[in-house]
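The next block is start25.csv, given as CSV, C-alpha atoms.
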chain,number,residue,atom,x,y,z
N,83,MET,CA,15.0,1.4,-50.4
N,84,THR,CA,16.7,3.7,-47.9
N,85,ILE,CA,18.0,7.2,-48.8
N,86,LYS,CA,21.5,5.9,-48.3
N,87,ASP,CA,21.0,3.0,-50.9
N,88,PHE,CA,19.4,5.5,-53.3
N,89,ARG,CA,22.4,7.7,-53.3
N,90,GLN,CA,24.8,4.7,-53.8
N,91,ILE,CA,23.1,3.8,-57.1
N,92,ARG,CA,23.5,7.3,-58.7
N,93,PRO,CA,26.8,6.5,-60.4
N,94,LEU,CA,25.3,3.4,-62.0
N,95,VAL,CA,22.3,5.4,-63.2
N,96,ARG,CA,24.6,8.0,-64.9
N,97,LYS,CA,26.8,5.3,-66.6
N,98,THR,CA,23.8,3.3,-67.9
N,99,GLY,CA,21.7,6.3,-68.8
N,100,THR,CA,18.8,4.9,-66.8
N,101,LYS,CA,16.0,7.0,-65.6
N,102,ILE,CA,14.6,6.5,-62.1
N,103,ALA,CA,11.1,7.4,-61.1
N,104,ILE,CA,10.2,7.7,-57.3
N,105,LYS,CA,6.6,6.5,-56.9
N,106,LYS,CA,6.2,7.2,-53.2
N,107,ARG,CA,8.2,8.3,-50.2
N,108,TYR,CA,7.9,6.8,-46.7
N,109,GLY,CA,9.2,7.7,-43.3
N,110,LEU,CA,9.0,10.4,-40.7
N,111,PRO,CA,11.1,13.0,-42.5
N,112,PHE,CA,8.9,12.9,-45.6
N,113,PHE,CA,5.8,12.8,-43.4
N,114,LEU,CA,6.9,16.0,-41.6
N,115,HIS,CA,7.8,17.6,-44.9
N,116,ARG,CA,4.4,16.9,-46.5
N,117,HIS,CA,2.6,18.4,-43.5
N,118,LYS,CA,5.0,21.3,-42.8
N,119,LYS,CA,2.2,23.8,-43.6
N,120,ARG,CA,-0.2,22.2,-41.2
N,121,LYS,CA,1.1,23.9,-38.1
N,122,LEU,CA,-1.7,22.9,-35.8
N,123,PHE,CA,-1.3,19.2,-36.8
N,124,LEU,CA,2.4,19.4,-36.2
N,125,ALA,CA,2.0,21.1,-32.9
N,126,GLY,CA,-0.6,18.5,-31.8
N,127,PHE,CA,1.7,15.7,-32.9
N,128,LEU,CA,4.6,17.1,-30.8
N,129,VAL,CA,2.3,17.7,-27.8
N,130,CYS,CA,1.1,14.0,-28.1
N,131,LEU,CA,4.8,12.8,-28.1
N,132,ALA,CA,5.5,15.0,-25.1
N,133,MET,CA,2.4,13.7,-23.2
N,134,LEU,CA,3.4,10.1,-23.9
N,135,PHE,CA,6.9,10.7,-22.6
N,136,LEU,CA,5.5,12.4,-19.5
N,137,LEU,CA,3.1,9.5,-18.9
N,138,SER,CA,5.9,7.0,-19.3
N,139,CYS,CA,7.5,8.4,-16.1
N,140,PHE,CA,4.8,7.2,-13.8
N,141,ILE,CA,3.2,3.9,-12.7
N,142,TRP,CA,-0.3,3.2,-14.1
N,143,ASP,CA,-0.7,-0.5,-13.5
N,144,ILE,CA,0.2,-2.7,-10.5
N,145,ARG,CA,0.3,-6.5,-10.7
N,146,ILE,CA,0.4,-8.4,-7.4
N,147,GLU,CA,0.9,-12.2,-7.4
N,148,GLY,CA,1.4,-14.8,-4.6
N,149,ASN,CA,-0.7,-13.1,-1.9
N,150,TYR,CA,-3.3,-15.2,-0.1
N,151,SER,CA,-3.5,-14.0,3.5
N,152,GLU,CA,-3.3,-10.3,2.5
N,153,THR,CA,-5.8,-9.0,0.0
N,154,ARG,CA,-4.9,-6.9,-3.0
N,155,GLU,CA,-6.8,-4.0,-1.6
N,156,VAL,CA,-4.8,-4.0,1.7
N,157,ILE,CA,-1.5,-4.1,-0.2
N,158,LEU,CA,-2.6,-1.3,-2.6
N,159,GLU,CA,-3.6,0.8,0.4
N,160,TYR,CA,-0.1,0.4,1.9
N,161,LEU,CA,1.5,1.3,-1.4
N,162,ASN,CA,-0.6,4.4,-1.8
N,163,GLU,CA,0.3,5.5,1.8
N,164,ASN,CA,4.0,5.1,1.0
N,165,GLY,CA,4.0,6.8,-2.4
N,166,ALA,CA,4.3,3.7,-4.5
N,167,GLY,CA,0.7,3.4,-5.7
N,168,HIS,CA,-1.0,4.3,-9.0
N,169,GLY,CA,0.4,7.5,-10.4
N,170,ALA,CA,3.7,7.3,-8.5
N,171,LYS,CA,6.8,8.5,-10.2
N,172,LYS,CA,9.0,5.7,-11.3
N,173,SER,CA,12.2,7.4,-10.3
N,174,SER,CA,10.9,7.8,-6.7
N,175,ILE,CA,10.5,4.0,-6.2
N,176,ASP,CA,13.5,2.0,-4.9
N,177,CYS,CA,12.5,-1.6,-5.7
N,178,LYS,CA,14.9,-3.2,-3.1
N,179,GLU,CA,13.7,-0.8,-0.4
N,180,LEU,CA,10.0,-1.3,-1.3
N,181,ALA,CA,10.5,-5.1,-1.2
N,182,ALA,CA,12.1,-4.9,2.3
N,183,ALA,CA,9.3,-2.5,3.5
N,184,LEU,CA,6.6,-5.0,2.4
N,185,ARG,CA,8.3,-7.8,4.3
N,186,ARG,CA,8.5,-5.6,7.4
N,187,GLN,CA,4.8,-4.6,7.1
N,188,PHE,CA,3.4,-8.0,6.3
N,189,SER,CA,4.8,-10.7,8.6
N,190,ASP,CA,3.5,-13.5,6.4
N,191,PHE,CA,5.6,-12.4,3.5
N,192,ILE,CA,8.9,-14.4,3.6
N,193,TRP,CA,10.0,-13.3,0.1
N,194,VAL,CA,9.1,-10.3,-2.0
N,195,SER,CA,10.3,-9.3,-5.5
N,196,VAL,CA,9.6,-5.8,-6.9
N,197,LYS,CA,10.4,-4.7,-10.4
N,198,ILE,CA,9.3,-2.0,-12.9
N,199,LYS,CA,8.6,-2.6,-16.6
N,200,GLY,CA,7.4,0.3,-18.6
N,201,THR,CA,4.5,1.9,-16.7
N,202,ARG,CA,3.8,-1.3,-14.7
N,203,LEU,CA,4.9,-2.3,-11.2
N,204,PHE,CA,5.2,-6.0,-10.6
N,205,ILE,CA,5.1,-7.4,-7.0
N,206,ASP,CA,5.6,-11.1,-6.5
N,207,VAL,CA,5.4,-12.5,-2.9
N,208,GLN,CA,5.7,-15.8,-1.2
N,209,GLU,CA,3.9,-16.3,2.1
N,210,ASN,CA,4.8,-18.5,5.1
N,211,THR,CA,2.0,-21.1,5.3
N,212,ASP,CA,3.6,-23.1,8.2
N,213,LEU,CA,1.6,-22.2,11.3
N,214,GLU,CA,3.9,-24.2,13.6
N,215,LEU,CA,7.6,-23.5,14.2
N,216,ALA,CA,8.5,-20.9,11.6
N,217,GLU,CA,11.8,-21.4,9.9
N,218,GLU,CA,14.2,-18.5,10.6
N,219,LYS,CA,17.9,-18.0,10.0
N,220,GLU,CA,18.9,-17.5,13.6
N,221,TYR,CA,17.3,-18.1,17.0
N,222,ASP,CA,18.3,-16.9,20.5
N,223,ASP,CA,18.7,-19.6,23.2
N,224,SER,CA,15.2,-21.0,23.5
N,225,ASP,CA,13.1,-23.9,24.7
N,226,ILE,CA,10.2,-25.6,22.9
N,227,ILE,CA,6.9,-25.9,24.7
N,228,SER,CA,3.7,-27.5,23.7
N,229,ASN,CA,0.9,-25.5,22.1
N,230,VAL,CA,-1.6,-28.4,21.9
N,231,ASN,CA,-3.0,-31.3,24.0
N,232,GLY,CA,-2.3,-34.7,22.6
N,233,THR,CA,0.0,-37.7,22.2
N,234,ILE,CA,3.5,-37.5,20.7
N,235,VAL,CA,3.8,-39.9,17.7
N,236,LYS,CA,7.1,-38.8,16.2
N,237,MET,CA,10.0,-36.7,17.5
N,238,ILE,CA,13.3,-35.7,15.9
N,239,THR,CA,15.5,-33.5,18.1
N,240,ARG,CA,18.4,-31.6,16.4
N,241,ALA,CA,19.4,-29.3,19.2
N,242,GLY,CA,18.6,-29.2,22.9
N,243,THR,CA,17.6,-31.8,25.5
N,244,PRO,CA,14.3,-33.7,24.9
N,245,GLN,CA,12.1,-33.7,28.0
N,246,VAL,CA,9.5,-36.1,26.5
N,247,LYS,CA,9.4,-39.1,24.2
N,248,VAL,CA,7.2,-40.8,21.6
N,249,GLY,CA,4.0,-42.1,23.3
N,250,ASP,CA,3.9,-39.4,26.0
N,251,GLU,CA,0.7,-37.5,26.7
N,252,ILE,CA,1.3,-33.8,26.7
N,253,LYS,CA,-0.7,-30.7,27.5
N,254,GLU,CA,-0.5,-27.1,26.4
N,255,GLY,CA,2.5,-25.4,28.1
N,256,ASP,CA,4.4,-28.6,28.8
N,257,LEU,CA,8.2,-28.4,28.2
N,258,LEU,CA,9.1,-30.5,25.2
N,259,VAL,CA,12.8,-29.6,24.5
N,260,LEU,CA,15.1,-27.8,26.9
N,261,GLY,CA,17.6,-25.4,25.3
N,262,LYS,CA,20.3,-26.6,27.7
N,263,LEU,CA,23.0,-29.2,27.2
N,264,ASP,CA,24.9,-30.7,30.2
N,265,ILE,CA,28.6,-31.1,29.6
N,266,LEU,CA,30.0,-34.1,31.5
N,267,ASN,CA,33.6,-34.7,32.7
N,268,ASP,CA,35.5,-38.0,32.7
N,269,SER,CA,33.7,-39.0,35.9
N,270,GLY,CA,30.3,-38.6,34.3
N,271,GLU,CA,29.5,-35.5,36.4
N,272,VAL,CA,28.1,-32.2,35.1
N,273,SER,CA,31.0,-29.9,34.8
N,274,ASN,CA,29.4,-27.2,32.6
N,275,VAL,CA,26.3,-26.4,30.7
N,276,ARG,CA,25.8,-24.9,27.2
N,277,TYR,CA,22.6,-23.0,26.2
N,278,VAL,CA,21.4,-23.5,22.7
N,279,PRO,CA,18.4,-22.6,20.5
N,280,SER,CA,16.3,-25.7,20.6
N,281,ASP,CA,15.4,-27.3,17.3
N,282,ALA,CA,13.1,-30.3,16.8
N,283,ASP,CA,10.3,-31.7,14.7
N,284,ILE,CA,7.5,-32.9,17.0
N,285,TYR,CA,4.4,-34.5,15.6
N,286,VAL,CA,1.4,-34.8,17.9
N,287,LYS,CA,-1.9,-36.7,17.6
N,288,THR,CA,-4.7,-34.4,18.7
N,289,THR,CA,-8.5,-34.5,19.0
N,290,TYR,CA,-10.4,-31.6,17.3
N,291,PRO,CA,-14.1,-31.2,18.1
N,292,TYR,CA,-16.0,-30.3,14.9
N,293,VAL,CA,-19.5,-28.8,15.0
N,294,ASN,CA,-21.4,-27.2,12.1
N,295,GLU,CA,-25.1,-26.5,12.3
N,296,PHE,CA,-27.3,-24.6,9.9
N,297,PRO,CA,-31.1,-24.1,9.4
N,298,LEU,CA,-32.9,-25.9,6.6
N,299,ALA,CA,-34.9,-22.8,5.7
N,300,TYR,CA,-33.0,-20.1,3.9
N,301,LYS,CA,-33.4,-17.1,1.6
N,302,LYS,CA,-32.1,-17.2,-1.9
N,303,LYS,CA,-31.3,-14.4,-4.3
N,304,GLN,CA,-33.2,-15.0,-7.6
N,305,TYR,CA,-32.6,-12.8,-10.7
N,306,THR,CA,-35.7,-11.7,-12.6
N,307,GLY,CA,-33.9,-11.3,-15.9
N,308,LEU,CA,-34.4,-7.5,-16.0
N,309,GLU,CA,-31.1,-5.7,-16.7
N,310,LYS,CA,-29.8,-2.2,-17.5
N,311,GLU,CA,-26.5,-1.4,-19.1
N,312,GLY,CA,-24.3,1.6,-19.0
N,313,PHE,CA,-20.7,2.7,-19.8
N,314,TYR,CA,-18.2,5.0,-18.1
N,315,LEU,CA,-14.7,6.4,-18.7
N,316,LYS,CA,-12.1,6.6,-16.0
N,317,VAL,CA,-9.3,9.2,-16.4
N,318,PHE,CA,-6.6,8.8,-13.8
N,319,GLN,CA,-8.8,7.9,-10.8
N,320,ASP,CA,-11.8,10.0,-11.7
N,321,ILE,CA,-14.9,8.3,-13.2
N,322,ILE,CA,-16.7,10.2,-15.9
N,323,GLY,CA,-20.2,8.7,-16.7
N,324,ILE,CA,-21.0,8.4,-20.4
N,325,ASN,CA,-24.1,6.4,-20.1
N,326,ARG,CA,-24.2,5.1,-16.6
N,327,PRO,CA,-27.3,2.9,-15.8
N,328,SER,CA,-29.9,4.4,-13.6
N,329,SER,CA,-32.5,1.9,-12.3
N,330,ASN,CA,-35.5,2.0,-10.0
N,331,PHE,CA,-35.0,-1.7,-9.0
N,332,GLU,CA,-35.7,-2.2,-5.3
N,333,GLN,CA,-33.0,-4.9,-5.1
N,334,SER,CA,-30.2,-5.2,-7.6
N,335,ASP,CA,-26.6,-6.2,-8.2
N,336,THR,CA,-24.1,-4.2,-10.3
N,337,VAL,CA,-21.5,-6.1,-12.4
N,338,THR,CA,-18.7,-4.1,-13.7
N,339,GLN,CA,-16.1,-4.9,-16.4
N,340,GLU,CA,-13.2,-2.5,-16.8
N,341,TYR,CA,-10.5,-2.4,-19.5
N,342,GLN,CA,-7.4,-0.3,-19.2
N,343,ALA,CA,-5.9,1.4,-22.3
N,344,MET,CA,-2.3,0.5,-23.2
N,345,LEU,CA,0.0,1.2,-26.1
N,346,THR,CA,2.2,-1.9,-25.6
N,347,GLU,CA,2.2,-4.9,-23.2
N,348,ASP,CA,4.2,-2.9,-20.6
N,349,PHE,CA,3.0,0.7,-21.5
N,350,TYR,CA,-0.3,1.1,-19.7
N,351,LEU,CA,-2.1,4.5,-19.7
N,352,PRO,CA,-4.2,6.2,-16.9
N,353,LEU,CA,-7.3,5.7,-19.0
N,354,SER,CA,-9.9,3.0,-18.6
N,355,PHE,CA,-13.2,2.1,-20.2
N,356,GLY,CA,-15.9,0.3,-18.2
N,357,LYS,CA,-19.2,-1.4,-18.7
N,358,SER,CA,-21.8,-1.6,-15.8
N,359,VAL,CA,-24.8,-4.0,-15.8
N,360,VAL,CA,-27.5,-3.6,-13.1
N,361,LYS,CA,-29.4,-6.8,-12.5
N,362,GLU,CA,-32.7,-6.9,-10.6
N,363,TYR,CA,-33.2,-9.8,-8.2
N,364,GLN,CA,-35.8,-10.9,-5.6
N,365,ILE,CA,-35.4,-12.7,-2.3
N,366,VAL,CA,-37.4,-15.9,-2.2
N,367,ASP,CA,-37.8,-18.4,0.7
N,368,LYS,CA,-36.3,-21.8,0.1
N,369,LYS,CA,-35.7,-25.0,2.1
N,370,TYR,CA,-33.0,-27.7,1.8
N,371,SER,CA,-34.2,-31.2,1.2
N,372,LYS,CA,-32.6,-34.0,3.2
N,373,ASP,CA,-30.2,-34.9,0.4
N,374,GLU,CA,-29.3,-31.2,-0.3
N,375,ALA,CA,-28.7,-30.6,3.4
N,376,LYS,CA,-26.3,-33.6,3.7
N,377,LYS,CA,-24.5,-32.5,0.5
N,378,LYS,CA,-24.0,-29.0,1.8
N,379,ALA,CA,-22.8,-30.2,5.2
N,380,THR,CA,-20.4,-32.7,3.5
N,381,GLU,CA,-19.0,-30.0,1.2
N,382,THR,CA,-18.4,-27.7,4.1
N,383,LEU,CA,-16.6,-30.5,6.0
N,384,ASN,CA,-14.5,-31.4,3.0
N,385,LYS,CA,-13.4,-27.8,2.5
N,386,PHE,CA,-12.4,-27.6,6.1
N,387,LEU,CA,-10.3,-30.8,5.8
N,388,GLU,CA,-8.7,-29.6,2.6
N,389,LYS,CA,-7.7,-26.4,4.3
N,390,ILE,CA,-6.0,-28.0,7.2
N,391,GLN,CA,-4.3,-30.6,5.0
N,392,GLU,CA,-2.8,-27.7,3.0
N,393,LYS,CA,-1.0,-26.7,6.2
N,394,GLY,CA,0.6,-30.1,6.5
N,395,VAL,CA,-1.8,-31.6,9.0
N,396,GLN,CA,-2.7,-35.3,8.5
N,397,ILE,CA,-6.3,-36.6,8.9
N,398,PHE,CA,-5.8,-39.7,11.0
N,399,GLN,CA,-9.5,-40.4,11.7
N,400,ASN,CA,-12.8,-38.7,10.8
N,401,ASN,CA,-15.6,-39.4,13.3
N,402,VAL,CA,-18.0,-36.7,12.2
N,403,LYS,CA,-21.6,-37.6,11.6
N,404,ILE,CA,-24.3,-35.7,9.8
N,405,ASP,CA,-27.9,-35.6,11.2
N,406,VAL,CA,-30.8,-33.9,9.4
N,407,GLY,CA,-33.7,-32.8,11.7
N,408,GLU,CA,-37.0,-31.1,11.0
N,409,LYS,CA,-35.5,-27.6,11.1
N,410,THR,CA,-31.7,-27.9,11.1
N,411,CYS,CA,-28.9,-30.0,9.8
N,412,LYS,CA,-26.0,-30.7,12.2
N,413,ALA,CA,-22.5,-32.1,11.5
N,414,GLU,CA,-20.8,-33.0,14.8
N,415,GLY,CA,-18.0,-35.3,15.9
N,416,GLU,CA,-14.3,-35.5,16.5
N,417,LEU,CA,-11.4,-35.3,14.1
N,418,ILE,CA,-8.1,-37.1,15.0
N,419,LEU,CA,-5.3,-35.1,13.5
N,420,ILE,CA,-1.5,-35.5,13.4
N,421,GLY,CA,0.5,-32.3,12.9
N,422,LYS,CA,3.6,-30.5,13.9
N,423,ALA,CA,3.5,-28.8,17.3
N,424,GLY,CA,5.6,-26.7,19.5
N,425,LYS,CA,6.3,-23.0,20.3
N,426,ARG,CA,9.5,-21.3,21.1
N,427,VAL,CA,10.1,-19.5,24.4
N,428,PRO,CA,13.3,-18.0,25.8
N,429,THR,CA,15.4,-20.3,27.9
N,430,GLU,CA,15.9,-19.4,31.5
N,431,VAL,CA,19.6,-19.1,32.0
N,432,ILE,CA,20.7,-20.1,35.6
N,433,THR,CA,24.3,-19.3,36.7
N,434,SER,CA,25.6,-20.8,40.0
N,435,PRO,CA,29.0,-20.6,41.6
N,436,GLN,CA,29.5,-24.3,41.0
N,437,GLU,CA,28.3,-24.2,37.4
N,438,GLY,CA,29.7,-22.2,34.5
N,439,THR,CA,27.7,-21.4,31.4
N,440,MET,CA,28.3,-21.5,27.7
N,441,SER,CA,26.1,-20.1,25.0
N,442,GLU,CA,26.2,-21.1,21.4

As structure tokens, the full file:
Amino acid sequence: MTIKDFRQIRPLVRKTGTKIAIKKRYGLPFFLHRHKKRKLFLAGFLVCLAMLFLLSCFIWDIRIEGNYSETREVILEYLNENGAGHGAKKSSIDCKELAAALRRQFSDFIWVSVKIKGTRLFIDVQENTDLELAEEKEYDDSDIISNVNGTIVKMITRAGTPQVKVGDEIKEGDLLVLGKLDILNDSGEVSNVRYVPSDADIYVKTTYPYVNEFPLAYKKKQYTGLEKEGFYLKVFQDIIGINRPSSNFEQSDTVTQEYQAMLTEDFYLPLSFGKSVVKEYQIVDKKYSKDEAKKKATETLNKFLEKIQEKGVQIFQNNVKIDVGEKTCKAEGELILIGKAGKRVPTEVITSPQEGTMSE
């Protein structure tokens, strides 16, 4: 029952002659009243509130999502250099300006979203994975030239004058689409020209030589099972060892797990607890069997094919063969690929007394 409700029932209590007994009081006012003589406790409580308020004015956790070509460490380094890293004051961060700065700094970022929730900074990015003609809002007058050697299998021209057709063999540097349109008069003669930014989708069949060779003998890391554990405390960015593991292992790996303290989902604190495990290992000599070598070579090839397919390239034919010798395993052959091709270059504008020019 609230204090307000308790006061409202007083007239009823007097009329009915009822006696009310309060068993226990709850709430901050009663808590402070009970501990009013404990000055140090009250002072500590107020200092704690002040510290929490002060800590809430800064960024203590940064979440970055959508980055593939740029690592988290590289992005964090850029944020620290520009005053938006861990420990930055929230009021000093302009989310729109920071998003624009990230797009300028990292050319692969075509979209960036920055927002602050509590003591956390959230950065979502979208990268340009198209390695061919990048989509932009505006182009200057331009031609499209070839950046590969191969055979054209499909061509859709939206702007400009095609200089090649499906079935043509092209080489790197050949002109594919001219950023110039001839304007004809009623007699069918060129009366004027108009320069435009060329735009086309050109698919080319190319031959890619693939070679991957590795020795059958290799060295492998083998853990002995001996481990040592330790713990540490991180305050702001300073690490304070509580029971950090010290080992006399000649060769070892350290595995660390870190947990950052938080009051709520969006209220992180500059305090982390960590656990370190040092694992001893030895280097032993190993050798791939014939089946193991073929499996490794096949997995490497498949990963390569998956990577180029993610970029929109079609695998037309796979002529790679795997040969296992006495000392090495070699995967060699040709891949026939079909993918978008073309590179923009400025159009050479020629003006003659007989020919006017127009530009879009």

Give me the residues within 12 Å of Lys197 of chain N as a list in words, counting all atoms listed in the file and dropping any in the same chain fewer than 5 places off.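 The filter keeps Ile141, Ile144, Arg145, Ile146, Ala166, Lys172, Ile175, Asp176, Cys177, Lys178, Glu179, Leu180, Ala181, Arg202, Leu203, Phe204, Ile205, Asp206 and Val207 of chain N.
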
For segment 246-262 of chain N, work out the shell of residues within 6 Å, counting only C-alpha atoms and skipping chain neighbours fewer than 5 positions away, then give it as a PDB file with C-alpha atoms, keeping the file's coordinate frame.
ATOM      1  CA  SER N 224      15.200 -21.000  23.500  1.00  0.00           C
ATOM      2  CA  ASP N 225      13.100 -23.900  24.700  1.00  0.00           C
ATOM      3  CA  ILE N 226      10.200 -25.600  22.900  1.00  0.00           C
ATOM      4  CA  ILE N 227       6.900 -25.900  24.700  1.00  0.00           C
ATOM      5  CA  SER N 228       3.700 -27.500  23.700  1.00  0.00           C
ATOM      6  CA  ASN N 229       0.900 -25.500  22.100  1.00  0.00           C
ATOM      7  CA  VAL N 230      -1.600 -28.400  21.900  1.00  0.00           C
ATOM      8  CA  ASN N 231      -3.000 -31.300  24.000  1.00  0.00           C
ATOM      9  CA  GLY N 232      -2.300 -34.700  22.600  1.00  0.00           C
ATOM     10  CA  THR N 233       0.000 -37.700  22.200  1.00  0.00           C
ATOM     11  CA  ILE N 234       3.500 -37.500  20.700  1.00  0.00           C
ATOM     12  CA  VAL N 235       3.800 -39.900  17.700  1.00  0.00           C
ATOM     13  CA  LYS N 236       7.100 -38.800  16.200  1.00  0.00           C
ATOM     14  CA  ARG N 276      25.800 -24.900  27.200  1.00  0.00           C
ATOM     15  CA  TYR N 277      22.600 -23.000  26.200  1.00  0.00           C
ATOM     16  CA  VAL N 278      21.400 -23.500  22.700  1.00  0.00           C
ATOM     17  CA  PRO N 279      18.400 -22.600  20.500  1.00  0.00           C
ATOM     18  CA  SER N 280      16.300 -25.700  20.600  1.00  0.00           C
TER      19      SER N 280
END

Counting all atoms listed in the file, find residues at most 6 Å from (-26.4, -28.4, 9.1) (file frame) and give them as a PyMOL selection string. chain N and resi 294-296+379+410-413

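Atom CA of Thr153 of chain N lies 27.9 Å from atom CA of Ala423 of chain N.
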
Which value, in Å to one decimal, gives the distance between atom CA of Gly356 of chain N and atom CA of Thr338 of chain N?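 Interatomic distance, atom CA of Gly356 of chain N to atom CA of Thr338 of chain N: 6.9 Å.
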
Report the distance between atom CA of Ile157 of chain N and atom CA of Pro352 of chain N in Å, rounded to one decimal place.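 Going from atom CA of Ile157 of chain N over to atom CA of Pro352 of chain N covers 19.8 Å.
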
Can you tell me which residues surround Glu209 of chain N at a distance of at most 12 Å, considering all atoms listed in the file, apart from same-chain residues fewer than 5 positions away, and format the answer as a list in words?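 What passes the distance filter is Glu147, Gly148, Asn149, Tyr150, Ser151, Glu152, Leu184, Arg185, Phe188, Ser189, Asp190, Phe191, Ile192, Trp193, Val194 and Ala216 of chain N.
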
Give me, as JSON lines, each residue of segment 102-154 of chain N that comes within 12 Å of segment 318-322 of chain N, together with its shortest interatomic pair and the distance in Å at one decimal, counting all atoms listed in the file, with rows ordered by chain and rising residue number.
{"residue": "N:Leu137", "atom": "CA", "partner": "N:Phe318", "partner_atom": "CA", "distance": 11.0}
{"residue": "N:Phe140", "atom": "CA", "partner": "N:Phe318", "partner_atom": "CA", "distance": 11.5}
{"residue": "N:Ile141", "atom": "CA", "partner": "N:Phe318", "partner_atom": "CA", "distance": 11.0}
{"residue": "N:Trp142", "atom": "CA", "partner": "N:Phe318", "partner_atom": "CA", "distance": 8.4}
{"residue": "N:Asp143", "atom": "CA", "partner": "N:Phe318", "partner_atom": "CA", "distance": 11.0}

Quick one: residues within 9 Å of Leu353 of chain N, all atoms listed in the file counted, chain neighbours fewer than 2 positions away excluded, as a PyMOL selection string? chain N and resi 142+315-319+341-344+350-351+355

Written file, previous selection with C-alpha atoms, as an mmCIF file, in the frame of the given file:
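What landed in part.cif:
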data_model
loop_
_atom_site.group_PDB
_atom_site.id
_atom_site.type_symbol
_atom_site.label_atom_id
_atom_site.label_comp_id
_atom_site.auth_asym_id
_atom_site.auth_seq_id
_atom_site.Cartn_x
_atom_site.Cartn_y
_atom_site.Cartn_z
ATOM 1 C CA TRP N 142 -0.300 3.200 -14.100
ATOM 2 C CA LEU N 315 -14.700 6.400 -18.700
ATOM 3 C CA LYS N 316 -12.100 6.600 -16.000
ATOM 4 C CA VAL N 317 -9.300 9.200 -16.400
ATOM 5 C CA PHE N 318 -6.600 8.800 -13.800
ATOM 6 C CA GLN N 319 -8.800 7.900 -10.800
ATOM 7 C CA TYR N 341 -10.500 -2.400 -19.500
ATOM 8 C CA GLN N 342 -7.400 -0.300 -19.200
ATOM 9 C CA ALA N 343 -5.900 1.400 -22.300
ATOM 10 C CA MET N 344 -2.300 0.500 -23.200
ATOM 11 C CA TYR N 350 -0.300 1.100 -19.700
ATOM 12 C CA LEU N 351 -2.100 4.500 -19.700
ATOM 13 C CA PHE N 355 -13.200 2.100 -20.200
#

Listed atoms of segment 133-143 of chain N boxed along x, y and z, 5 Å each side, centre and edge lengths in Å, one decimal, as lines of an AutoDock Vina configuration file:
center_x = 3.4
center_y = 6.6
center_z = -18.3
size_x = 18.2
size_y = 24.2
size_z = 21.2

All residues 8 Å or closer to segment 371-373 of chain N, all atoms listed in the file, same chain fewer than 2 positions away omitted, as a list in words: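 Counting all atoms listed in the file, the residues come to Leu298, Lys369, Ala375, Lys376, Lys377 and Val406 of chain N.
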
My list of candidates is N:Tyr370, N:Gln333, N:Ile397, N:Asn164. Which is closest to Asn384 of chain N when distances are computed with only C-alpha atoms? N:Ile397

So which residues fall inside 12 Å of (-9.4, -32.1, 5.9) if we count all atoms listed in the file? Mind giving them as an NGL selection string? :N and (290 or 292 or 380-400 or 402 or 417-420)

Can I get the selection written as a PDB file, keeping the file's coordinate frame, with C-alpha atoms?
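Once written, selection33.pdb looks like this:
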ATOM      1  CA  TYR N 290     -10.400 -31.600  17.300  1.00  0.00           C
ATOM      2  CA  TYR N 292     -16.000 -30.300  14.900  1.00  0.00           C
ATOM      3  CA  THR N 380     -20.400 -32.700   3.500  1.00  0.00           C
ATOM      4  CA  GLU N 381     -19.000 -30.000   1.200  1.00  0.00           C
ATOM      5  CA  THR N 382     -18.400 -27.700   4.100  1.00  0.00           C
ATOM      6  CA  LEU N 383     -16.600 -30.500   6.000  1.00  0.00           C
ATOM      7  CA  ASN N 384     -14.500 -31.400   3.000  1.00  0.00           C
ATOM      8  CA  LYS N 385     -13.400 -27.800   2.500  1.00  0.00           C
ATOM      9  CA  PHE N 386     -12.400 -27.600   6.100  1.00  0.00           C
ATOM     10  CA  LEU N 387     -10.300 -30.800   5.800  1.00  0.00           C
ATOM     11  CA  GLU N 388      -8.700 -29.600   2.600  1.00  0.00           C
ATOM     12  CA  LYS N 389      -7.700 -26.400   4.300  1.00  0.00           C
ATOM     13  CA  ILE N 390      -6.000 -28.000   7.200  1.00  0.00           C
ATOM     14  CA  GLN N 391      -4.300 -30.600   5.000  1.00  0.00           C
ATOM     15  CA  GLU N 392      -2.800 -27.700   3.000  1.00  0.00           C
ATOM     16  CA  LYS N 393      -1.000 -26.700   6.200  1.00  0.00           C
ATOM     17  CA  GLY N 394       0.600 -30.100   6.500  1.00  0.00           C
ATOM     18  CA  VAL N 395      -1.800 -31.600   9.000  1.00  0.00           C
ATOM     19  CA  GLN N 396      -2.700 -35.300   8.500  1.00  0.00           C
ATOM     20  CA  ILE N 397      -6.300 -36.600   8.900  1.00  0.00           C
ATOM     21  CA  PHE N 398      -5.800 -39.700  11.000  1.00  0.00           C
ATOM     22  CA  GLN N 399      -9.500 -40.400  11.700  1.00  0.00           C
ATOM     23  CA  ASN N 400     -12.800 -38.700  10.800  1.00  0.00           C
ATOM     24  CA  VAL N 402     -18.000 -36.700  12.200  1.00  0.00           C
ATOM     25  CA  LEU N 417     -11.400 -35.300  14.100  1.00  0.00           C
ATOM     26  CA  ILE N 418      -8.100 -37.100  15.000  1.00  0.00           C
ATOM     27  CA  LEU N 419      -5.300 -35.100  13.500  1.00  0.00           C
ATOM     28  CA  ILE N 420      -1.500 -35.500  13.400  1.00  0.00           C
TER      29      ILE N 420
END

Quick one: of N:Asp367, N:Asp283, N:Asp87, N:Glu159, who's nearest to Lys302 of chain N, counting only C-alpha atoms?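 Residue with the minimum atom-to-atom distance to Lys302 of chain N: N:Asp367.
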
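Checking N:Lys409, N:Arg107, N:Arg92, N:Lys101 one by one against Ala299 of chain N, counting only C-alpha atoms, you find the shortest gap at N:Lys409.
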
For Lys301 of chain N, which residue among N:Ser195, N:Lys368, N:Gln187, N:Thr429 is the nearest when counting only C-alpha atoms?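 Distance minimum relative to Lys301 of chain N lands on N:Lys368.
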